[in-house]
file query22.tsv (TSV, N, CA and C atoms)
chain	number	residue	atom	x	y	z
A	1	MET	N	55.23	46.59	141.42
A	1	MET	CA	54.92	48.00	141.54
A	1	MET	C	53.68	48.14	142.41
A	2	THR	N	53.70	49.13	143.25
A	2	THR	CA	52.58	49.42	144.12
A	2	THR	C	52.17	50.87	143.92
A	3	VAL	N	50.88	51.12	143.89
A	3	VAL	CA	50.36	52.48	143.81
A	3	VAL	C	49.79	52.80	145.19
A	4	HIS	N	50.14	53.99	145.67
A	4	HIS	CA	49.69	54.33	147.01
A	4	HIS	C	49.41	55.83	147.12
A	5	ARG	N	48.43	56.14	147.93
A	5	ARG	CA	48.14	57.53	148.28
A	5	ARG	C	48.28	57.61	149.79
A	6	TYR	N	49.11	58.52	150.26
A	6	TYR	CA	49.44	58.60	151.69
A	6	TYR	C	48.66	59.65	152.46
A	7	GLY	N	47.59	60.17	151.92
A	7	GLY	CA	46.82	61.17	152.64
A	7	GLY	C	47.28	62.58	152.37
A	8	ILE	N	48.12	62.75	151.38
A	8	ILE	CA	48.54	64.09	150.99
A	8	ILE	C	47.40	64.72	150.20
A	9	ASP	N	46.96	65.88	150.61
A	9	ASP	CA	45.87	66.56	149.92
A	9	ASP	C	46.35	67.53	148.87
A	10	GLU	N	47.60	67.97	148.98
A	10	GLU	CA	48.09	68.98	148.06
A	10	GLU	C	49.60	68.95	147.98
A	11	VAL	N	50.10	69.13	146.78
A	11	VAL	CA	51.53	69.34	146.55
A	11	VAL	C	51.62	70.70	145.88
A	12	PRO	N	52.03	71.73	146.61
A	12	PRO	CA	52.08	73.08	146.06
A	12	PRO	C	53.22	73.25	145.07
A	13	GLY	N	53.16	74.31	144.29
A	13	GLY	CA	54.25	74.66	143.40
A	13	GLY	C	54.23	73.94	142.07
A	14	THR	N	53.05	73.51	141.64
A	14	THR	CA	52.95	72.81	140.36
A	14	THR	C	51.64	73.17	139.67
A	15	ASP	N	51.66	73.08	138.33
A	15	ASP	CA	50.44	73.31	137.56
A	15	ASP	C	49.59	72.03	137.46
A	16	ALA	N	50.13	70.92	137.93
A	16	ALA	CA	49.42	69.63	137.86
A	16	ALA	C	49.42	68.96	139.23
A	17	PRO	N	48.78	69.57	140.23
A	17	PRO	CA	48.87	69.04	141.59
A	17	PRO	C	48.30	67.63	141.74
A	18	GLY	N	47.31	67.25	140.94
A	18	GLY	CA	46.73	65.92	141.05
A	18	GLY	C	47.70	64.81	140.71
A	19	MET	N	48.68	65.12	139.88
A	19	MET	CA	49.67	64.12	139.49
A	19	MET	C	50.46	63.61	140.70
A	20	TYR	N	50.62	64.43	141.69
A	20	TYR	CA	51.48	64.09	142.82
A	20	TYR	C	50.74	63.45	143.99
A	21	LEU	N	49.44	63.27	143.87
A	21	LEU	CA	48.68	62.71	144.99
A	21	LEU	C	48.87	61.20	145.13
A	22	ASP	N	49.18	60.52	144.04
A	22	ASP	CA	49.48	59.09	144.07
A	22	ASP	C	50.94	58.89	143.70
A	23	GLU	N	51.54	57.87	144.24
A	23	GLU	CA	52.91	57.54	143.82
A	23	GLU	C	52.97	56.06	143.46
A	24	ARG	N	53.87	55.73	142.59
A	24	ARG	CA	54.18	54.35	142.27
A	24	ARG	C	55.55	54.09	142.84
A	25	TYR	N	55.69	52.99	143.54
A	25	TYR	CA	57.00	52.70	144.13
A	25	TYR	C	57.33	51.23	144.00
A	26	SER	N	58.60	50.94	144.16
A	26	SER	CA	59.11	49.58	144.10
A	26	SER	C	58.94	48.97	142.71
A	27	MET	N	58.99	49.80	141.67
A	27	MET	CA	58.87	49.30	140.31
A	27	MET	C	60.27	49.17	139.70
A	28	ASP	N	60.37	48.33	138.69
A	28	ASP	CA	61.65	48.13	138.01
A	28	ASP	C	61.77	49.00	136.77
A	29	ALA	N	60.67	49.10	136.00
A	29	ALA	CA	60.77	49.78	134.71
A	29	ALA	C	59.39	50.12	134.15
A	30	TYR	N	59.41	51.02	133.19
A	30	TYR	CA	58.26	51.33	132.35
A	30	TYR	C	58.73	51.27	130.90
A	31	ARG	N	57.82	50.87	130.01
A	31	ARG	CA	58.13	50.83	128.59
A	31	ARG	C	56.97	51.49	127.84
A	32	PHE	N	57.31	52.39	126.94
A	32	PHE	CA	56.31	53.09	126.15
A	32	PHE	C	56.56	52.82	124.68
A	33	LYS	N	55.53	52.37	123.96
A	33	LYS	CA	55.64	52.18	122.52
A	33	LYS	C	55.52	53.54	121.85
A	34	VAL	N	56.50	53.86	121.02
A	34	VAL	CA	56.53	55.13	120.31
A	34	VAL	C	57.10	54.90	118.91
A	35	GLU	N	56.93	55.87	118.05
A	35	GLU	CA	57.58	55.82	116.75
A	35	GLU	C	59.05	56.16	116.94
A	36	ASN	N	59.88	55.64	116.07
A	36	ASN	CA	61.30	56.00	116.12
A	36	ASN	C	61.44	57.50	115.95
A	37	GLY	N	62.38	58.06	116.66
A	37	GLY	CA	62.61	59.50	116.62
A	37	GLY	C	63.30	59.95	117.89
A	38	THR	N	63.25	61.25	118.12
A	38	THR	CA	63.89	61.85	119.29
A	38	THR	C	62.81	62.40	120.21
A	39	TYR	N	62.97	62.14	121.50
A	39	TYR	CA	61.95	62.48	122.49
A	39	TYR	C	62.56	63.20	123.69
A	40	THR	N	61.69	63.85	124.43
A	40	THR	CA	62.01	64.38	125.75
A	40	THR	C	61.18	63.59	126.75
A	41	VAL	N	61.82	63.14	127.81
A	41	VAL	CA	61.13	62.42	128.88
A	41	VAL	C	61.16	63.31	130.12
A	42	VAL	N	59.99	63.58	130.66
A	42	VAL	CA	59.87	64.41	131.86
A	42	VAL	C	59.36	63.51	133.00
A	43	LEU	N	60.13	63.46	134.07
A	43	LEU	CA	59.80	62.62	135.22
A	43	LEU	C	59.40	63.50	136.40
A	44	HIS	N	58.31	63.13	137.05
A	44	HIS	CA	57.77	63.91	138.17
A	44	HIS	C	57.87	63.11	139.46
A	45	PHE	N	58.51	63.71	140.44
A	45	PHE	CA	58.70	63.08	141.74
A	45	PHE	C	58.23	64.05	142.84
A	46	ALA	N	57.69	63.51	143.91
A	46	ALA	CA	57.41	64.26	145.13
A	46	ALA	C	57.42	63.24	146.26
A	47	GLU	N	58.19	63.49	147.25
A	47	GLU	CA	58.25	62.55	148.39
A	47	GLU	C	57.02	62.77	149.26
A	48	THR	N	56.11	61.80	149.23
A	48	THR	CA	54.86	61.92	149.99
A	48	THR	C	54.71	60.83	151.04
A	49	TYR	N	55.69	59.95	151.14
A	49	TYR	CA	55.67	58.90	152.16
A	49	TYR	C	56.26	59.46	153.44
A	50	ASP	N	55.49	59.46	154.53
A	50	ASP	CA	55.94	60.10	155.76
A	50	ASP	C	57.08	59.34	156.45
A	51	GLY	N	57.44	58.18	155.94
A	51	GLY	CA	58.60	57.46	156.45
A	51	GLY	C	59.91	58.04	155.94
A	52	ILE	N	59.82	58.92	154.95
A	52	ILE	CA	61.00	59.63	154.44
A	52	ILE	C	60.90	61.06	154.95
A	53	SER	N	61.83	61.45	155.80
A	53	SER	CA	61.73	62.77	156.43
A	53	SER	C	62.96	63.63	156.23
A	54	ASP	N	63.90	63.17	155.39
A	54	ASP	CA	65.11	63.95	155.17
A	54	ASP	C	65.79	63.48	153.89
A	55	ALA	N	66.67	64.31	153.38
A	55	ALA	CA	67.45	63.95	152.21
A	55	ALA	C	68.31	62.73	152.51
A	56	GLY	N	68.55	61.92	151.49
A	56	GLY	CA	69.41	60.76	151.64
A	56	GLY	C	68.70	59.49	152.07
A	57	GLN	N	67.40	59.56	152.33
A	57	GLN	CA	66.67	58.38	152.79
A	57	GLN	C	66.04	57.57	151.66
A	58	ARG	N	65.94	58.16	150.46
A	58	ARG	CA	65.49	57.43	149.26
A	58	ARG	C	66.36	57.93	148.11
A	59	VAL	N	67.20	57.06	147.61
A	59	VAL	CA	68.13	57.41	146.53
A	59	VAL	C	68.11	56.28	145.51
A	60	PHE	N	68.01	56.63	144.24
A	60	PHE	CA	68.00	55.62	143.18
A	60	PHE	C	68.48	56.25	141.87
A	61	THR	N	68.75	55.39	140.90
A	61	THR	CA	69.19	55.84	139.58
A	61	THR	C	68.09	55.55	138.57
A	62	VAL	N	67.92	56.45	137.62
A	62	VAL	CA	66.97	56.27	136.53
A	62	VAL	C	67.77	56.12	135.24
A	63	GLU	N	67.52	55.03	134.53
A	63	GLU	CA	68.15	54.80	133.24
A	63	GLU	C	67.10	54.96	132.15
A	64	VAL	N	67.46	55.66	131.09
A	64	VAL	CA	66.58	55.83	129.95
A	64	VAL	C	67.31	55.29	128.73
A	65	GLU	N	66.67	54.35	128.06
A	65	GLU	CA	67.27	53.69	126.89
A	65	GLU	C	68.63	53.09	127.22
A	66	GLY	N	68.72	52.48	128.41
A	66	GLY	CA	69.92	51.76	128.80
A	66	GLY	C	71.07	52.60	129.30
A	67	LYS	N	70.86	53.91	129.42
A	67	LYS	CA	71.92	54.81	129.90
A	67	LYS	C	71.47	55.50	131.17
A	68	ALA	N	72.38	55.66	132.11
A	68	ALA	CA	72.06	56.39	133.35
A	68	ALA	C	71.74	57.83	133.00
A	69	ALA	N	70.49	58.22	133.24
A	69	ALA	CA	70.06	59.59	132.95
A	69	ALA	C	70.05	60.44	134.21
A	70	LEU	N	69.72	59.82	135.34
A	70	LEU	CA	69.69	60.50	136.64
A	70	LEU	C	70.36	59.56	137.65
A	71	GLU	N	71.57	59.86	138.01
A	71	GLU	CA	72.29	59.02	138.97
A	71	GLU	C	72.10	59.56	140.38
A	72	ASP	N	71.90	58.65	141.31
A	72	ASP	CA	71.73	59.00	142.72
A	72	ASP	C	70.66	60.07	142.92
A	73	LEU	N	69.52	59.86	142.29
A	73	LEU	CA	68.41	60.79	142.42
A	73	LEU	C	67.83	60.73	143.83
A	74	ASP	N	67.67	61.87	144.42
A	74	ASP	CA	67.07	62.03	145.74
A	74	ASP	C	65.98	63.09	145.59
A	75	GLY	N	64.74	62.63	145.39
A	75	GLY	CA	63.64	63.56	145.14
A	75	GLY	C	63.39	64.53	146.27
A	76	TYR	N	63.56	64.07	147.51
A	76	TYR	CA	63.39	64.94	148.68
A	76	TYR	C	64.39	66.10	148.61
A	77	LYS	N	65.64	65.76	148.36
A	77	LYS	CA	66.70	66.78	148.27
A	77	LYS	C	66.47	67.69	147.07
A	78	GLY	N	66.13	67.09	145.92
A	78	GLY	CA	65.93	67.88	144.70
A	78	GLY	C	64.77	68.85	144.80
A	79	ALA	N	63.74	68.47	145.55
A	79	ALA	CA	62.57	69.34	145.71
A	79	ALA	C	62.74	70.33	146.85
A	80	GLY	N	63.66	70.04	147.75
A	80	GLY	CA	63.85	70.92	148.90
A	80	GLY	C	62.91	70.61	150.05
A	81	GLY	N	62.42	69.35	150.10
A	81	GLY	CA	61.59	68.98	151.24
A	81	GLY	C	60.47	68.04	150.88
A	82	PHE	N	59.63	67.80	151.85
A	82	PHE	CA	58.52	66.85	151.77
A	82	PHE	C	57.35	67.43	150.99
A	83	ALA	N	56.71	66.61	150.16
A	83	ALA	CA	55.50	66.97	149.40
A	83	ALA	C	55.70	68.20	148.53
A	84	LYS	N	56.87	68.27	147.92
A	84	LYS	CA	57.18	69.33	146.96
A	84	LYS	C	57.61	68.66	145.66
A	85	PRO	N	57.24	69.26	144.51
A	85	PRO	CA	57.58	68.63	143.24
A	85	PRO	C	59.07	68.72	142.90
A	86	CYS	N	59.56	67.65	142.32
A	86	CYS	CA	60.92	67.59	141.77
A	86	CYS	C	60.74	67.08	140.34
A	87	VAL	N	60.98	67.93	139.37
A	87	VAL	CA	60.77	67.58	137.96
A	87	VAL	C	62.12	67.48	137.27
A	88	LYS	N	62.33	66.36	136.59
A	88	LYS	CA	63.58	66.13	135.87
A	88	LYS	C	63.26	65.88	134.40
A	89	LYS	N	63.97	66.60	133.52
A	89	LYS	CA	63.75	66.51	132.09
A	89	LYS	C	64.98	65.90	131.43
A	90	ILE	N	64.75	64.85	130.65
A	90	ILE	CA	65.82	64.20	129.90
A	90	ILE	C	65.54	64.47	128.43
A	91	THR	N	66.42	65.19	127.77
A	91	THR	CA	66.21	65.59	126.39
A	91	THR	C	67.01	64.72	125.43
A	92	ASP	N	66.66	64.82	124.18
A	92	ASP	CA	67.38	64.13	123.10
A	92	ASP	C	67.47	62.63	123.30
A	93	VAL	N	66.35	62.02	123.68
A	93	VAL	CA	66.29	60.56	123.85
A	93	VAL	C	66.03	59.97	122.46
A	94	ALA	N	67.03	59.30	121.92
A	94	ALA	CA	66.92	58.72	120.58
A	94	ALA	C	66.32	57.33	120.66
A	95	VAL	N	65.24	57.12	119.88
A	95	VAL	CA	64.56	55.83	119.85
A	95	VAL	C	64.70	55.23	118.46
A	96	THR	N	65.25	54.02	118.41
A	96	THR	CA	65.42	53.33	117.13
A	96	THR	C	64.72	51.97	117.10
A	97	ASP	N	64.12	51.56	118.22
A	97	ASP	CA	63.48	50.24	118.29
A	97	ASP	C	61.98	50.29	118.59
A	98	GLY	N	61.39	51.49	118.46
A	98	GLY	CA	59.95	51.62	118.65
A	98	GLY	C	59.48	51.65	120.09
A	99	LYS	N	60.41	51.84	121.04
A	99	LYS	CA	59.98	51.91	122.44
A	99	LYS	C	60.98	52.72	123.25
A	100	ILE	N	60.45	53.35	124.29
A	100	ILE	CA	61.29	54.04	125.26
A	100	ILE	C	61.26	53.20	126.53
A	101	ASP	N	62.44	52.79	126.97
A	101	ASP	CA	62.58	52.03	128.21
A	101	ASP	C	63.11	52.94	129.30
A	102	ILE	N	62.41	52.96	130.43
A	102	ILE	CA	62.83	53.73	131.60
A	102	ILE	C	62.97	52.73	132.74
A	103	GLU	N	64.17	52.62	133.28
A	103	GLU	CA	64.44	51.65	134.35
A	103	GLU	C	64.82	52.37	135.63
A	104	PHE	N	64.49	51.75	136.76
A	104	PHE	CA	64.75	52.31	138.07
A	104	PHE	C	65.63	51.34	138.85
A	105	VAL	N	66.77	51.83	139.32
A	105	VAL	CA	67.73	51.00	140.03
A	105	VAL	C	67.83	51.51	141.47
A	106	PRO	N	67.37	50.73	142.45
A	106	PRO	CA	67.39	51.19	143.84
A	106	PRO	C	68.80	51.27	144.41
A	107	ASP	N	69.00	52.23	145.27
A	107	ASP	CA	70.24	52.36	146.04
A	107	ASP	C	69.87	52.31	147.53
A	108	ILE	N	69.08	53.31	147.94
A	108	ILE	CA	68.56	53.37	149.31
A	108	ILE	C	67.04	53.47	149.20
A	109	GLN	N	66.32	52.56	149.82
A	109	GLN	CA	64.85	52.50	149.76
A	109	GLN	C	64.40	52.10	148.35
A	110	ASN	N	63.12	52.02	148.13
A	110	ASN	CA	62.56	51.68	146.83
A	110	ASN	C	62.38	52.93	145.98
A	111	PRO	N	62.63	52.84	144.66
A	111	PRO	CA	62.35	53.98	143.79
A	111	PRO	C	60.87	54.35	143.84
A	112	GLU	N	60.56	55.61	143.59
A	112	GLU	CA	59.18	56.07	143.51
A	112	GLU	C	59.07	57.11	142.41
A	113	ILE	N	57.87	57.22	141.84
A	113	ILE	CA	57.61	58.23	140.82
A	113	ILE	C	56.14	58.61	140.87
A	114	ASN	N	55.85	59.83	140.48
A	114	ASN	CA	54.47	60.30	140.46
A	114	ASN	C	53.92	60.46	139.05
A	115	GLY	N	54.77	60.72	138.08
A	115	GLY	CA	54.27	60.89	136.72
A	115	GLY	C	55.40	60.84	135.70
A	116	ILE	N	55.04	60.44	134.48
A	116	ILE	CA	55.99	60.38	133.37
A	116	ILE	C	55.32	61.02	132.15
A	117	GLU	N	56.04	61.91	131.51
A	117	GLU	CA	55.60	62.49	130.23
A	117	GLU	C	56.62	62.09	129.17
A	118	VAL	N	56.12	61.68	128.01
A	118	VAL	CA	56.96	61.41	126.86
A	118	VAL	C	56.52	62.37	125.78
A	119	ILE	N	57.43	63.25	125.37
A	119	ILE	CA	57.09	64.35	124.46
A	119	ILE	C	57.97	64.25	123.22
A	120	GLN	N	57.33	64.33	122.05
A	120	GLN	CA	58.10	64.40	120.82
A	120	GLN	C	58.11	65.85	120.37
A	121	PRO	N	59.27	66.48	120.43
A	121	PRO	CA	59.34	67.91	120.08
A	121	PRO	C	59.04	68.19	118.63

call {"tool": "encode", "arguments": {"input": "query22.tsv", "output": "structure tokens"}}
result
Amino acid sequence: MTVHRYGIDEVPGTDAPGMYLDERYSMDAYRFKVENGTYTVVLHFAETYDGISDAGQRVFTVEVEGKAALEDLDGYKGAGGFAKPCVKKITDVAVTDGKIDIEFVPDIQNPEINGIEVIQP
């Protein structure tokens, strides 16, 4: 996993603009220790790498608890352009082993993410 800031000063259209100034890319997975129960996972994406200039140039799948939650995710397309937030919410994530596993499977380019929220409703 690599953390990088590409010189983006602002990502408009969000209440948490600082979250989008750094991105993590080329990672395989994240694991969060939690109590057993049901959770909502909120994933924050914004394409801030200037090597990606159009939809279809970075596509990957996100698996949560071993199931495809977001297939063929294209943050650029989902946000409608460069340096715009794309927020995806996965609800009713059942945890029975004390951890939430989030995996990233590359298709085109390396996966990237700007932030992860784990919320117990």

call {"tool": "residues_near_point", "arguments": {"input": "query22.tsv", "point": "(58.3, 62.8, 142.9)", "cutoff": "8 Å", "atoms": "only N, CA and C atoms", "output": "PyMOL selection string"}}
result
chain A and resi 20+23+43-48+75-76+84-87+112-115

call {"tool": "closest_residue", "arguments": {"input": "query22.tsv", "among": "A:Asn36, A:Val42, A:Thr14, A:Asp72", "to": "Ile116 in chain A", "atoms": "only C-alpha atoms"}}
result
A:Val42

call {"tool": "atom_distance", "arguments": {"input": "query22.tsv", "atom1": "CA of Arg58 in chain A", "atom2": "CA of Val118 in chain A"}}
result
24.3 Å

call {"tool": "residues_around", "arguments": {"input": "query22.tsv", "residues": "Val62 in chain A", "least_positions_apart": "5", "cutoff": "6.5 Å", "atoms": "only N, CA and C atoms", "output": "list in words"}}
result
Lys67, Ala68, Ala69, Leu70, Glu71, Asp72, Leu73, Ile102, Glu103, Phe104 and Val105 of chain A

call {"tool": "closest_residue", "arguments": {"input": "query22.tsv", "among": "A:Ile52, A:Ala83, A:Val64, A:Val93", "to": "Pro17 in chain A", "atoms": "only C-alpha atoms"}}
result
A:Ala83

call {"tool": "atom_distance", "arguments": {"input": "query22.tsv", "atom1": "atom N of Ser26 in chain A", "atom2": "atom N of Thr61 in chain A"}}
result
11.6 Å

call {"tool": "closest_residue", "arguments": {"input": "query22.tsv", "among": "A:Asp97, A:Pro106, A:Thr40, A:Asp74", "to": "Pro121 in chain A", "atoms": "all atoms listed in the file"}}
result
A:Thr40

call {"tool": "residues_near_point", "arguments": {"input": "query22.tsv", "point": "(70.3, 63.3, 121.1)", "cutoff": "9 Å", "atoms": "only C-alpha atoms", "output": "PDB file with N, CA and C atoms, in the coordinates of the input"}}
result
ATOM      1  N   THR A  38      63.250  61.250 118.120  1.00  0.00           N
ATOM      2  CA  THR A  38      63.890  61.850 119.290  1.00  0.00           C
ATOM      3  C   THR A  38      62.810  62.400 120.210  1.00  0.00           C
ATOM      4  N   TYR A  39      62.970  62.140 121.500  1.00  0.00           N
ATOM      5  CA  TYR A  39      61.950  62.480 122.490  1.00  0.00           C
ATOM      6  C   TYR A  39      62.560  63.200 123.690  1.00  0.00           C
ATOM      7  N   THR A  91      66.420  65.190 127.770  1.00  0.00           N
ATOM      8  CA  THR A  91      66.210  65.590 126.390  1.00  0.00           C
ATOM      9  C   THR A  91      67.010  64.720 125.430  1.00  0.00           C
ATOM     10  N   ASP A  92      66.660  64.820 124.180  1.00  0.00           N
ATOM     11  CA  ASP A  92      67.380  64.130 123.100  1.00  0.00           C
ATOM     12  C   ASP A  92      67.470  62.630 123.300  1.00  0.00           C
ATOM     13  N   VAL A  93      66.350  62.020 123.680  1.00  0.00           N
ATOM     14  CA  VAL A  93      66.290  60.560 123.850  1.00  0.00           C
ATOM     15  C   VAL A  93      66.030  59.970 122.460  1.00  0.00           C
ATOM     16  N   ALA A  94      67.030  59.300 121.920  1.00  0.00           N
ATOM     17  CA  ALA A  94      66.920  58.720 120.580  1.00  0.00           C
ATOM     18  C   ALA A  94      66.320  57.330 120.660  1.00  0.00           C
TER      19      ALA A  94
END

call {"tool": "atom_distance", "arguments": {"input": "query22.tsv", "atom1": "atom N of Met19 in chain A", "atom2": "atom C of Glu35 in chain A"}}
result
26.7 Å

call {"tool": "select_by_dssp", "arguments": {"input": "query22.tsv", "residues": "range 2-120 of chain A", "states": "strand (DSSP E)", "output": "ChimeraX atom specification"}}
result
/A:2-4,23-25,29-33,37-45,59-64,67-73,86-95,99-108,112-113,115-119

call {"tool": "closest_residue", "arguments": {"input": "query22.tsv", "among": "A:Gly37, A:Gly66, A:Gly98, A:Asn110", "to": "Arg24 in chain A", "atoms": "only N, CA and C atoms"}}
result
A:Asn110
